[in-house]
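Reproduced below: start-v5.txt, with compact mmCIF, C-alpha atoms.
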# COMPACT_ATOMS: atom_id res chain seq x y z
CA MET L 1 68.88 83.40 161.45
CA PHE L 2 69.38 87.14 161.80
CA VAL L 3 67.79 89.93 159.75
CA THR L 4 68.41 93.68 160.00
CA CYS L 5 66.56 96.79 158.91
CA LYS L 6 67.18 100.52 158.93
CA HIS L 7 65.33 103.85 158.85
CA LEU L 8 66.98 107.18 158.07
CA GLU L 9 66.47 110.48 159.83
CA GLY L 10 68.76 113.52 159.67
CA ASN L 11 71.40 115.17 157.52
CA ASN L 12 73.84 114.27 154.77
CA ALA L 13 76.72 111.88 155.32
CA GLN L 14 80.29 113.19 155.50
CA SER L 15 79.14 116.43 157.18
CA THR L 16 80.64 117.97 160.30
CA SER L 17 77.28 118.17 162.07
CA PRO L 18 76.24 115.59 164.69
CA PRO L 19 75.63 112.04 163.44
CA CYS L 20 72.32 111.60 161.64
CA ARG L 21 69.85 109.19 163.17
CA ARG L 22 69.80 106.03 161.12
CA LYS L 23 67.69 103.65 163.17
CA GLY L 24 67.95 99.92 162.81
CA ARG L 25 66.95 96.63 164.36
CA ILE L 26 68.22 93.07 164.53
CA TYR L 27 65.67 90.28 164.35
CA LEU L 28 66.39 86.73 165.48
CA TYR L 29 64.30 84.02 163.84
CA LYS L 30 64.14 80.28 164.28
CA PHE L 31 63.55 78.32 161.09
CA ASP L 32 62.21 74.77 161.33
CA LYS L 33 63.19 73.24 158.01
CA ASP L 34 61.10 70.11 158.65
CA ALA L 35 57.85 71.92 159.41
CA LEU L 36 58.76 74.90 157.18
CA VAL L 37 57.84 77.29 159.98
CA VAL L 38 59.58 80.55 160.92
CA ASN L 39 59.20 82.08 164.38
CA GLU L 40 60.58 85.36 165.68
CA LEU L 41 62.52 84.82 168.90
CA HIS L 42 64.01 88.22 169.67
CA ARG L 43 64.49 91.73 168.34
CA LEU L 44 67.03 94.37 169.33
CA GLU L 45 66.97 98.10 168.66
CA THR L 46 70.24 99.38 167.20
CA ALA L 47 71.70 101.94 164.86
CA ALA L 48 71.11 101.04 161.20
CA ILE L 49 73.15 97.98 160.26
CA LEU L 50 74.88 97.67 156.90
CA ASP L 51 76.54 94.28 157.35
CA MET L 52 76.78 91.45 159.86
CA LYS L 53 78.66 88.17 160.04
CA TRP L 54 78.61 85.10 162.26
CA LEU L 55 81.80 83.75 163.77
CA PRO L 56 80.89 80.05 163.54
CA GLU L 57 84.09 78.58 165.00
CA PHE L 58 83.54 80.19 168.40
CA ALA L 59 80.30 78.27 168.81
CA LEU L 60 82.39 75.14 169.43
CA VAL L 61 83.89 76.71 172.56
CA HIS L 62 81.73 79.74 173.39
CA GLN L 63 78.24 80.98 172.68
CA PRO L 64 77.60 82.02 169.03
CA ILE L 65 79.14 85.39 168.17
CA LEU L 66 77.75 87.97 165.72
CA ALA L 67 79.60 91.05 164.42
CA ALA L 68 77.69 94.03 163.02
CA ALA L 69 78.78 97.14 161.11
CA ASN L 70 76.51 100.11 161.73
CA ALA L 71 75.68 103.63 160.53
CA LEU L 72 77.46 105.25 163.48
CA GLY L 73 80.79 104.02 162.15
CA GLN L 74 80.94 101.30 164.79
CA ILE L 75 81.71 97.61 164.88
CA GLU L 76 79.62 95.84 167.51
CA ILE L 77 79.95 92.29 168.83
CA PHE L 78 76.96 90.39 170.14
CA GLU L 79 76.82 87.10 171.97
CA MET L 80 73.81 84.87 171.52
CA ILE L 81 72.63 83.50 174.85
CA GLU L 82 69.75 81.06 174.42
CA THR L 83 67.31 83.14 172.32
CA ASN L 84 68.62 86.62 173.15
CA LEU L 85 71.45 88.86 172.01
CA LYS L 86 73.82 90.58 174.40
CA LYS L 87 76.27 93.24 173.23
CA ILE L 88 79.71 92.43 174.62
CA SER L 89 81.97 94.85 172.76
CA SER L 90 81.94 97.94 170.52
CA LEU L 91 84.54 99.97 168.61
CA GLU L 92 84.19 103.30 166.79
CA LEU L 93 86.29 103.09 163.64
CA ASN L 94 87.20 106.78 163.43
CA PRO L 95 85.74 109.16 166.03
CA THR L 96 87.14 112.16 164.12
CA TYR L 97 84.54 111.95 161.36
CA HIS L 98 80.83 112.54 161.91
CA ASN L 99 78.37 110.41 159.94
CA LEU L 100 80.97 107.79 159.06
CA LEU L 101 79.32 104.54 157.96
CA ALA L 102 80.85 101.15 158.68
CA LEU L 103 79.99 99.42 155.41
CA SER L 104 81.26 95.85 155.59
CA ILE L 105 83.02 93.38 157.84
CA ASP L 106 84.74 90.02 157.47
CA TRP L 107 86.06 87.52 160.02
CA ASP L 108 89.39 85.82 159.49
CA THR L 109 88.21 82.20 159.47
CA ARG L 110 91.20 80.77 157.62
CA MET L 111 92.38 78.99 160.74
CA SER L 112 91.27 78.65 164.34
CA LEU L 113 93.73 80.22 166.76
CA GLN L 114 95.11 77.89 169.39
CA ASP L 115 93.68 79.73 172.38
CA ASN L 116 90.17 79.92 170.87
CA HIS L 117 89.80 83.37 172.38
CA THR L 118 91.21 85.78 169.78
CA LYS L 119 90.15 86.54 166.21
CA HIS L 120 90.74 89.22 163.59
CA LEU L 121 88.14 91.33 161.80
CA LEU L 122 88.42 93.46 158.69
CA ALA L 123 86.13 96.49 158.28
CA SER L 124 85.53 99.00 155.48
CA ASP L 125 83.92 102.42 155.73
CA SER L 126 82.37 105.28 153.76
CA ARG L 127 85.63 107.28 153.63
CA GLY L 128 87.32 104.48 151.70
CA ASP L 129 89.37 103.27 154.67
CA ILE L 130 90.05 99.69 155.77
CA SER L 131 90.65 98.72 159.40
CA LEU L 132 92.17 95.56 160.86
CA ILE L 133 90.70 94.77 164.28
CA ARG L 134 91.49 92.24 166.99
CA PHE L 135 88.64 90.68 168.94
CA ALA L 136 89.35 89.03 172.29
CA TYR L 137 86.50 87.02 173.73
CA ARG L 138 85.22 88.65 176.92
CA GLY L 139 87.51 91.56 176.12
CA ASP L 140 87.61 94.66 173.96
CA LEU L 141 87.84 95.21 170.25
CA GLN L 142 91.24 96.69 169.45
CA LYS L 143 92.05 98.48 166.19
CA ILE L 144 95.44 97.28 164.96
CA CYS L 145 95.76 99.56 161.94
CA THR L 146 93.81 101.61 159.40
CA TRP L 147 94.78 102.59 155.87
CA SER L 148 93.22 104.52 153.00
CA ALA L 149 92.26 102.08 150.25
CA HIS L 150 89.77 103.89 147.98
CA ASN L 151 88.93 107.43 146.92
CA PHE L 152 85.23 106.90 147.61
CA GLU L 153 83.22 104.39 149.64
CA ALA L 154 84.99 101.11 150.33
CA TRP L 155 81.90 98.97 149.85
CA ILE L 156 83.49 95.65 150.70
CA CYS L 157 86.52 93.94 152.22
CA ALA L 158 87.47 90.30 152.64
CA PHE L 159 90.25 88.09 153.91
CA ASP L 160 91.81 85.60 151.51
CA LYS L 161 90.70 82.27 152.98
CA TRP L 162 93.84 80.53 151.69
CA ASN L 163 96.59 83.14 152.04
CA GLU L 164 97.05 84.60 155.51
CA ASN L 165 98.91 87.61 154.14
CA HIS L 166 96.38 88.89 151.61
CA VAL L 167 93.13 90.85 151.95
CA TYR L 168 90.85 92.18 149.21
CA THR L 169 89.00 95.49 149.03
CA GLY L 170 86.46 96.90 146.57
CA GLY L 171 85.28 100.47 146.24
CA ASP L 172 82.98 102.90 144.51
CA ASP L 173 86.01 104.04 142.50
CA THR L 174 85.56 100.78 140.46
CA PHE L 175 88.86 99.31 141.70
CA LEU L 176 89.63 95.92 143.23
CA HIS L 177 92.74 95.94 145.41
CA ILE L 178 94.90 93.28 147.03
CA TYR L 179 96.90 94.30 150.12
CA ASP L 180 99.76 92.46 151.80
CA MET L 181 99.14 92.64 155.53
CA ARG L 182 102.82 92.18 156.36
CA THR L 183 103.53 95.64 154.98
CA GLN L 184 99.97 97.03 154.65
CA SER L 185 100.88 97.89 151.08
CA ARG L 186 98.90 97.39 147.90
CA VAL L 187 100.27 94.62 145.72
CA LEU L 188 97.62 94.69 142.97
CA LEU L 189 95.13 97.12 141.45
CA ASN L 190 92.56 95.50 139.16
CA LYS L 191 90.52 97.62 136.72
CA SER L 192 88.22 94.95 135.28
CA HIS L 193 85.03 96.45 136.71
CA MET L 194 83.03 99.15 134.94
CA ALA L 195 81.37 100.43 138.12
CA GLY L 196 81.80 100.17 141.89
CA VAL L 197 82.95 96.86 143.34
CA THR L 198 80.28 95.91 145.87
CA CYS L 199 80.96 92.34 147.03
CA LEU L 200 83.83 89.87 147.28
CA LEU L 201 83.98 86.16 148.03
CA SER L 202 87.23 84.29 148.57
CA HIS L 203 85.89 80.81 147.88
CA PRO L 204 86.14 78.66 151.02
CA ASN L 205 86.43 75.37 149.15
CA THR L 206 88.38 76.24 146.00
CA GLU L 207 91.86 77.65 146.44
CA HIS L 208 92.84 80.65 144.27
CA LEU L 209 89.20 81.39 143.35
CA LEU L 210 87.90 84.91 144.01
CA LEU L 211 84.38 85.99 143.03
CA THR L 212 83.37 89.64 142.70
CA GLY L 213 80.13 91.53 142.21
CA SER L 214 79.69 95.08 140.96
CA TYR L 215 77.19 97.81 140.17
CA ASP L 216 78.01 96.94 136.53
CA GLU L 217 75.79 93.83 137.02
CA HIS L 218 78.52 91.27 136.28
CA LEU L 219 79.57 88.33 138.44
CA ARG L 220 83.28 87.73 137.81
CA ALA L 221 85.55 84.83 138.71
CA PHE L 222 89.30 85.39 139.13
CA ASP L 223 92.28 83.11 139.58
CA THR L 224 94.17 84.97 142.30
CA ARG L 225 97.48 83.84 140.79
CA ALA L 226 96.73 85.71 137.54
CA MET L 227 94.44 88.66 138.20
CA LYS L 228 94.93 90.70 135.03
CA GLN L 229 91.79 89.27 133.42
CA PRO L 230 88.85 87.37 134.96
CA LEU L 231 88.37 83.70 134.23
CA SER L 232 84.75 84.47 133.36
CA GLU L 233 82.02 87.03 133.76
CA ILE L 234 78.26 86.71 133.54
CA ASN L 235 75.66 89.49 133.44
CA LEU L 236 73.04 88.94 136.15
CA LYS L 237 70.99 91.99 135.10
CA GLY L 238 71.24 93.85 138.38
CA GLY L 239 73.98 95.42 140.47
CA ILE L 240 75.26 92.63 142.73
CA TRP L 241 75.22 93.46 146.43
CA ARG L 242 75.89 90.07 148.08
CA LEU L 243 77.49 86.74 147.19
CA LYS L 244 76.94 83.69 149.40
CA CYS L 245 78.45 80.23 148.94
CA ASP L 246 76.11 77.29 149.60
CA PRO L 247 76.74 75.36 152.84
CA LEU L 248 77.20 71.91 151.28
CA ASN L 249 79.88 72.71 148.68
CA ARG L 250 77.57 72.12 145.72
CA ASN L 251 79.21 75.00 143.82
CA LEU L 252 76.14 77.22 144.12
CA ILE L 253 76.46 80.98 144.63
CA LEU L 254 73.44 82.91 145.92
CA THR L 255 73.49 86.46 144.55
CA ALA L 256 71.48 89.54 145.53
CA CYS L 257 71.03 91.47 142.27
CA MET L 258 69.70 94.79 143.55
CA TYR L 259 67.40 96.07 140.81
CA HIS L 260 66.54 92.68 139.30
CA ASN L 261 66.16 89.61 141.53
CA PHE L 262 67.92 86.96 143.56
CA SER L 263 69.77 84.47 141.39
CA ILE L 264 71.73 81.27 141.95
CA ALA L 265 74.81 80.71 139.80
CA GLN L 266 76.37 77.29 139.31
CA MET L 267 80.18 77.59 139.55
CA ALA L 268 81.27 73.97 139.06
CA ASP L 269 83.49 75.32 136.29
CA PRO L 270 84.54 78.88 137.18
CA ARG L 271 85.24 79.50 133.49
CA SER L 272 81.62 78.78 132.54
CA PRO L 273 79.16 79.92 135.23
CA ILE L 274 75.47 79.45 134.52
CA VAL L 275 72.32 80.71 136.22
CA VAL L 276 70.35 77.74 137.57
CA GLY L 277 67.69 79.51 139.65
CA GLU L 278 65.94 82.86 140.09
CA PHE L 279 63.59 84.35 142.69
CA ASN L 280 61.54 87.31 141.45
CA GLU L 281 58.99 87.96 144.21
CA HIS L 282 60.62 91.12 145.59
CA LYS L 283 59.39 94.46 144.23
CA SER L 284 62.10 96.62 145.82
CA ILE L 285 65.91 96.65 145.99
CA CYS L 286 67.18 93.09 146.51
CA TYR L 287 69.77 93.61 149.22
CA GLY L 288 70.10 90.74 151.70
CA ALA L 289 70.43 87.01 151.10
CA ASP L 290 71.89 83.97 152.80
CA TRP L 291 71.60 80.21 152.97
CA CYS L 292 70.25 78.25 155.92
CA LEU L 293 73.49 76.89 157.36
CA ASN L 294 71.76 74.09 159.23
CA ALA L 295 72.12 71.69 156.30
CA CYS L 296 73.13 68.03 156.14
CA PRO L 297 75.00 66.34 153.25
CA ASP L 298 72.05 64.09 152.42
CA ASP L 299 69.54 66.97 152.26
CA LYS L 300 67.74 67.10 148.92
CA GLN L 301 66.74 70.73 149.45
CA LEU L 302 68.67 73.80 150.47
CA PHE L 303 66.89 76.73 152.11
CA MET L 304 67.64 80.44 151.98
CA ALA L 305 66.31 83.80 153.11
CA THR L 306 66.04 86.96 151.00
CA CYS L 307 65.06 90.51 151.89
CA SER L 308 64.44 93.80 150.13
CA PHE L 309 64.85 97.44 151.06
CA TYR L 310 61.99 99.91 150.74
CA ASP L 311 59.14 97.40 151.04
CA HIS L 312 60.71 95.65 154.09
CA LYS L 313 59.96 92.19 152.70
CA LEU L 314 61.54 89.00 154.02
CA PHE L 315 61.10 85.65 152.29
CA PHE L 316 62.23 82.19 153.43

Could you show the structure in this file as structure tokens?
Amino acid sequence: MFVTCKHLEGNNAQSTSPPCRRKGRIYLYKFDKDALVVNELHRLETAAILDMKWLPEFALVHQPILAAANALGQIEIFEMIETNLKKISSLELNPTYHNLLALSIDWDTRMSLQDNHTKHLLASDSRGDISLIRFAYRGDLQKICTWSAHNFEAWICAFDKWNENHVYTGGDDTFLHIYDMRTQSRVLLNKSHMAGVTCLLSHPNTEHLLLTGSYDEHLRAFDTRAMKQPLSEINLKGGIWRLKCDPLNRNLILTACMYHNFSIAQMADPRSPIVVGEFNEHKSICYGADWCLNACPDDKQLFMATCSFYDHKLFF
């Protein structure tokens, strides 16, 4: 399990002065779910990290791969070798702009490519741009294209896990967009959100189901074939920063509700979501959350980790 942190020093974002010093760190922990013990294995000094994602499929052929989006406007790729991390590739999204933040990333995991050596990444940044990137194992990151998607920060981007041609983006301008990657053109603009769109989840087990979170505190479910209105929306009482689907397909969605708590929503019926669990121990902004992916179908318990911002708390 990986955890990141950041510390800010310097000037305002979007300025023309040299990049401000946002310091960060990646922690690698080992969680023993039988003994309920957590041990730190490794830590790595980095620029501040705003998002990171595993590439699980590569672990079948290569060492585990982790992608990170940082406060220098970079996408970095790390390889996990035993209990250490080794950086194997890095790409600056747009060297023209100082203090550009890489805000979110997503791997294209819809299908495994035949050669098992090449994957695509999607990245969003603080200028509102989206970049499509090719990653070649033991090679470089290559930017394929970049386009302007939002007028303000593009908080989130995601591949459609069922449609190879569609990607989703959400921004501080309150808009949810769908783009067709064959033409890099917008095919839908959704205005259902009352504040910035902060997280997106193309459901890996239910086709045509898209979940969104927003600063307006609502978790929404959409049928991607009819996006004019959401199937449902539920107020979770805090701006929603992350959505994570449980590893055993039990229709549970772990949500990080920034100024409230961490909640679990049951989505067995996307038209009638209900909150089935809450964790209220954090006293600061509830930012990071994920499930323990080392789960078996007969497990009676699922485990997760949650972390908060200013107080630097991490709970398992």

Selection as a tab-separated table (two decimals) with C-alpha atoms, in the coordinates of the input: residues within 10 Å of (65.6, 76.4, 164.8), counting all atoms listed in the file:
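Output file point-v3.tsv is given in full below:
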chain	number	residue	atom	x	y	z
L	1	MET	CA	68.88	83.40	161.45
L	29	TYR	CA	64.30	84.02	163.84
L	30	LYS	CA	64.14	80.28	164.28
L	31	PHE	CA	63.55	78.32	161.09
L	32	ASP	CA	62.21	74.77	161.33
L	33	LYS	CA	63.19	73.24	158.01
L	34	ASP	CA	61.10	70.11	158.65
L	37	VAL	CA	57.84	77.29	159.98
L	38	VAL	CA	59.58	80.55	160.92
L	39	ASN	CA	59.20	82.08	164.38
L	41	LEU	CA	62.52	84.82	168.90
L	294	ASN	CA	71.76	74.09	159.23

Give as JSON, numbers by chain each residue that has an atom at most 10 Å from (59.5, 83.8, 154.5) in the file, counting all atoms listed in the file.
-> {"L": [31, 36, 37, 38, 304, 305, 306, 307, 313, 314, 315, 316]}

Store the residues of this selection in a file with C-alpha atoms, as a JSON list (two decimals), in the coordinates of the input.
[["chain", "number", "residue", "atom", "x", "y", "z"],
["L", 31, "PHE", "CA", 63.55, 78.32, 161.09],
["L", 36, "LEU", "CA", 58.76, 74.90, 157.18],
["L", 37, "VAL", "CA", 57.84, 77.29, 159.98],
["L", 38, "VAL", "CA", 59.58, 80.55, 160.92],
["L", 304, "MET", "CA", 67.64, 80.44, 151.98],
["L", 305, "ALA", "CA", 66.31, 83.80, 153.11],
["L", 306, "THR", "CA", 66.04, 86.96, 151.00],
["L", 307, "CYS", "CA", 65.06, 90.51, 151.89],
["L", 313, "LYS", "CA", 59.96, 92.19, 152.70],
["L", 314, "LEU", "CA", 61.54, 89.00, 154.02],
["L", 315, "PHE", "CA", 61.10, 85.65, 152.29],
["L", 316, "PHE", "CA", 62.23, 82.19, 153.43]]

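Each of L:Ile77, L:Leu254, L:Ala221, L:Cys296 was compared to Pro270 in chain L using only C-alpha atoms, and L:Ala221 turns out to be the nearest.
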
Padding 4 Å on every side, please: axis-aligned box over the listed atoms of range 229-240 of chain L, centre and edge lengths to one decimal in Å, as lines of an AutoDock Vina configuration file.
center_x = 81.4
center_y = 89.6
center_z = 138.0
size_x = 28.8
size_y = 19.7
size_z = 17.4

Taking 5 positions as the minimum chain separation for residues in the same chain, which residues sit within 8 Å of Gly170 in chain L when counting only C-alpha atoms? Answer as an mmCIF file with C-alpha atoms, keeping the file's coordinate frame.
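Writing done, so here's out.cif:
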data_model
loop_
_atom_site.group_PDB
_atom_site.id
_atom_site.type_symbol
_atom_site.label_atom_id
_atom_site.label_comp_id
_atom_site.auth_asym_id
_atom_site.auth_seq_id
_atom_site.Cartn_x
_atom_site.Cartn_y
_atom_site.Cartn_z
ATOM 1 C CA HIS L 150 89.770 103.890 147.980
ATOM 2 C CA ALA L 154 84.990 101.110 150.330
ATOM 3 C CA TRP L 155 81.900 98.970 149.850
ATOM 4 C CA ILE L 156 83.490 95.650 150.700
ATOM 5 C CA CYS L 157 86.520 93.940 152.220
ATOM 6 C CA PHE L 175 88.860 99.310 141.700
ATOM 7 C CA LEU L 176 89.630 95.920 143.230
ATOM 8 C CA HIS L 177 92.740 95.940 145.410
ATOM 9 C CA GLY L 196 81.800 100.170 141.890
ATOM 10 C CA VAL L 197 82.950 96.860 143.340
ATOM 11 C CA THR L 198 80.280 95.910 145.870
ATOM 12 C CA CYS L 199 80.960 92.340 147.030
ATOM 13 C CA LEU L 200 83.830 89.870 147.280
#

Nearest to Trp107 in chain L: which of L:Phe152, L:Phe262, L:Phe135, L:Tyr310 is it, counting all atoms listed in the file?
-> L:Phe135

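For the pair CA of Asp129 in chain L and CA of Gly73 in chain L, the interatomic distance is 11.4 Å.
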
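Here CA of Thr169 in chain L and CA of Asn94 in chain L stand 18.4 Å from one another.
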
Which neighbours of Ser214 in chain L fall inside 9 Å, counting all atoms listed in the file, when residues of the same chain fewer than 2 positions from it are skipped, and could you give them as an NGL selection string?
-> :L and (170 or 174 or 193-199 or 212 or 216-220 or 238-241)

C-alpha atoms of the current selection, written as a PDB file, keeping the file's coordinate frame:
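Dumped everything to selection.pdb:
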ATOM      1  CA  GLY L 170      86.460  96.900 146.570  1.00  0.00           C
ATOM      2  CA  THR L 174      85.560 100.780 140.460  1.00  0.00           C
ATOM      3  CA  HIS L 193      85.030  96.450 136.710  1.00  0.00           C
ATOM      4  CA  MET L 194      83.030  99.150 134.940  1.00  0.00           C
ATOM      5  CA  ALA L 195      81.370 100.430 138.120  1.00  0.00           C
ATOM      6  CA  GLY L 196      81.800 100.170 141.890  1.00  0.00           C
ATOM      7  CA  VAL L 197      82.950  96.860 143.340  1.00  0.00           C
ATOM      8  CA  THR L 198      80.280  95.910 145.870  1.00  0.00           C
ATOM      9  CA  CYS L 199      80.960  92.340 147.030  1.00  0.00           C
ATOM     10  CA  THR L 212      83.370  89.640 142.700  1.00  0.00           C
ATOM     11  CA  ASP L 216      78.010  96.940 136.530  1.00  0.00           C
ATOM     12  CA  GLU L 217      75.790  93.830 137.020  1.00  0.00           C
ATOM     13  CA  HIS L 218      78.520  91.270 136.280  1.00  0.00           C
ATOM     14  CA  LEU L 219      79.570  88.330 138.440  1.00  0.00           C
ATOM     15  CA  ARG L 220      83.280  87.730 137.810  1.00  0.00           C
ATOM     16  CA  GLY L 238      71.240  93.850 138.380  1.00  0.00           C
ATOM     17  CA  GLY L 239      73.980  95.420 140.470  1.00  0.00           C
ATOM     18  CA  ILE L 240      75.260  92.630 142.730  1.00  0.00           C
ATOM     19  CA  TRP L 241      75.220  93.460 146.430  1.00  0.00           C
TER      20      TRP L 241
END

May I have the residues within 8 Å of Cys145 in chain L as a PyMOL selection string, using only C-alpha atoms and disregarding those fewer than 3 positions away in the same chain?
-> chain L and resi 131-133

Grab the residues selected above and save them as an mmCIF file, in the coordinates of the input with C-alpha atoms.
data_model
loop_
_atom_site.group_PDB
_atom_site.id
_atom_site.type_symbol
_atom_site.label_atom_id
_atom_site.label_comp_id
_atom_site.auth_asym_id
_atom_site.auth_seq_id
_atom_site.Cartn_x
_atom_site.Cartn_y
_atom_site.Cartn_z
ATOM 1 C CA SER L 131 90.650 98.720 159.400
ATOM 2 C CA LEU L 132 92.170 95.560 160.860
ATOM 3 C CA ILE L 133 90.700 94.770 164.280
#

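CA of Met52 in chain L lies 29.2 Å from CA of Leu231 in chain L.
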
Saving range 184-265 of chain L with C-alpha atoms, as a CSV table (one decimal), in the first residue's frame, what would that file be?
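Result written to part_18.csv:
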chain,number,residue,atom,x,y,z
L,184,GLN,CA,-10.4,14.4,-29.7
L,185,SER,CA,-13.7,16.3,-29.8
L,186,ARG,CA,-16.2,16.8,-27.1
L,187,VAL,CA,-19.4,14.8,-27.7
L,188,LEU,CA,-21.2,15.7,-24.5
L,189,LEU,CA,-21.3,18.5,-21.9
L,190,ASN,CA,-23.2,17.7,-18.7
L,191,LYS,CA,-24.4,20.5,-16.4
L,192,SER,CA,-25.9,18.4,-13.6
L,193,HIS,CA,-23.3,19.5,-10.9
L,194,MET,CA,-23.7,22.6,-8.8
L,195,ALA,CA,-19.9,22.9,-8.1
L,196,GLY,CA,-16.6,21.6,-9.4
L,197,VAL,CA,-16.5,18.0,-10.6
L,198,THR,CA,-13.8,16.4,-8.5
L,199,CYS,CA,-13.9,12.6,-9.1
L,200,LEU,CA,-15.1,10.1,-11.7
L,201,LEU,CA,-15.5,6.3,-11.7
L,202,SER,CA,-16.4,4.3,-14.7
L,203,HIS,CA,-17.6,1.2,-13.0
L,204,PRO,CA,-15.4,-1.8,-13.7
L,205,ASN,CA,-18.1,-4.4,-13.3
L,206,THR,CA,-21.3,-2.6,-14.5
L,207,GLU,CA,-21.4,-1.5,-18.1
L,208,HIS,CA,-22.8,2.0,-18.8
L,209,LEU,CA,-22.5,3.1,-15.1
L,210,LEU,CA,-20.6,6.3,-14.4
L,211,LEU,CA,-20.3,7.6,-10.8
L,212,THR,CA,-19.3,11.3,-10.1
L,213,GLY,CA,-18.4,13.3,-7.1
L,214,SER,CA,-18.4,17.0,-6.7
L,215,TYR,CA,-17.7,19.9,-4.3
L,216,ASP,CA,-21.5,20.2,-4.2
L,217,GLU,CA,-21.4,17.1,-1.8
L,218,HIS,CA,-23.5,14.8,-4.1
L,219,LEU,CA,-22.6,11.3,-5.3
L,220,ARG,CA,-24.3,10.9,-8.7
L,221,ALA,CA,-24.9,7.8,-10.8
L,222,PHE,CA,-25.3,8.1,-14.6
L,223,ASP,CA,-26.3,5.8,-17.4
L,224,THR,CA,-23.7,6.7,-20.0
L,225,ARG,CA,-26.3,6.0,-22.8
L,226,ALA,CA,-28.6,8.8,-21.4
L,227,MET,CA,-26.5,11.4,-19.7
L,228,LYS,CA,-29.0,14.3,-19.6
L,229,GLN,CA,-30.1,13.5,-16.0
L,230,PRO,CA,-28.5,11.3,-13.4
L,231,LEU,CA,-30.1,8.0,-12.4
L,232,SER,CA,-29.7,9.1,-8.8
L,233,GLU,CA,-27.9,11.4,-6.4
L,234,ILE,CA,-27.3,11.3,-2.7
L,235,ASN,CA,-25.9,14.0,-0.5
L,236,LEU,CA,-22.9,12.7,1.5
L,237,LYS,CA,-22.5,16.0,3.4
L,238,GLY,CA,-19.0,16.8,2.2
L,239,GLY,CA,-17.3,17.6,-1.1
L,240,ILE,CA,-16.3,14.3,-2.6
L,241,TRP,CA,-12.7,13.9,-3.5
L,242,ARG,CA,-12.3,10.2,-4.2
L,243,LEU,CA,-14.4,7.3,-5.2
L,244,LYS,CA,-13.1,3.7,-5.0
L,245,CYS,CA,-14.9,0.5,-6.0
L,246,ASP,CA,-14.5,-2.4,-3.6
L,247,PRO,CA,-12.2,-5.3,-4.8
L,248,LEU,CA,-14.8,-8.1,-4.5
L,249,ASN,CA,-17.6,-6.6,-6.6
L,250,ARG,CA,-20.0,-6.3,-3.6
L,251,ASN,CA,-21.3,-3.0,-5.0
L,252,LEU,CA,-19.6,-0.9,-2.3
L,253,ILE,CA,-18.2,2.5,-3.1
L,254,LEU,CA,-15.7,4.1,-0.7
L,255,THR,CA,-15.9,7.9,-0.7
L,256,ALA,CA,-13.6,10.6,0.7
L,257,CYS,CA,-16.0,13.4,1.7
L,258,MET,CA,-13.5,16.2,2.4
L,259,TYR,CA,-15.1,18.3,5.1
L,260,HIS,CA,-17.3,15.5,6.7
L,261,ASN,CA,-16.0,11.9,6.8
L,262,PHE,CA,-15.3,8.7,4.8
L,263,SER,CA,-18.5,7.0,3.8
L,264,ILE,CA,-19.4,3.7,2.1
L,265,ALA,CA,-22.3,3.8,-0.3
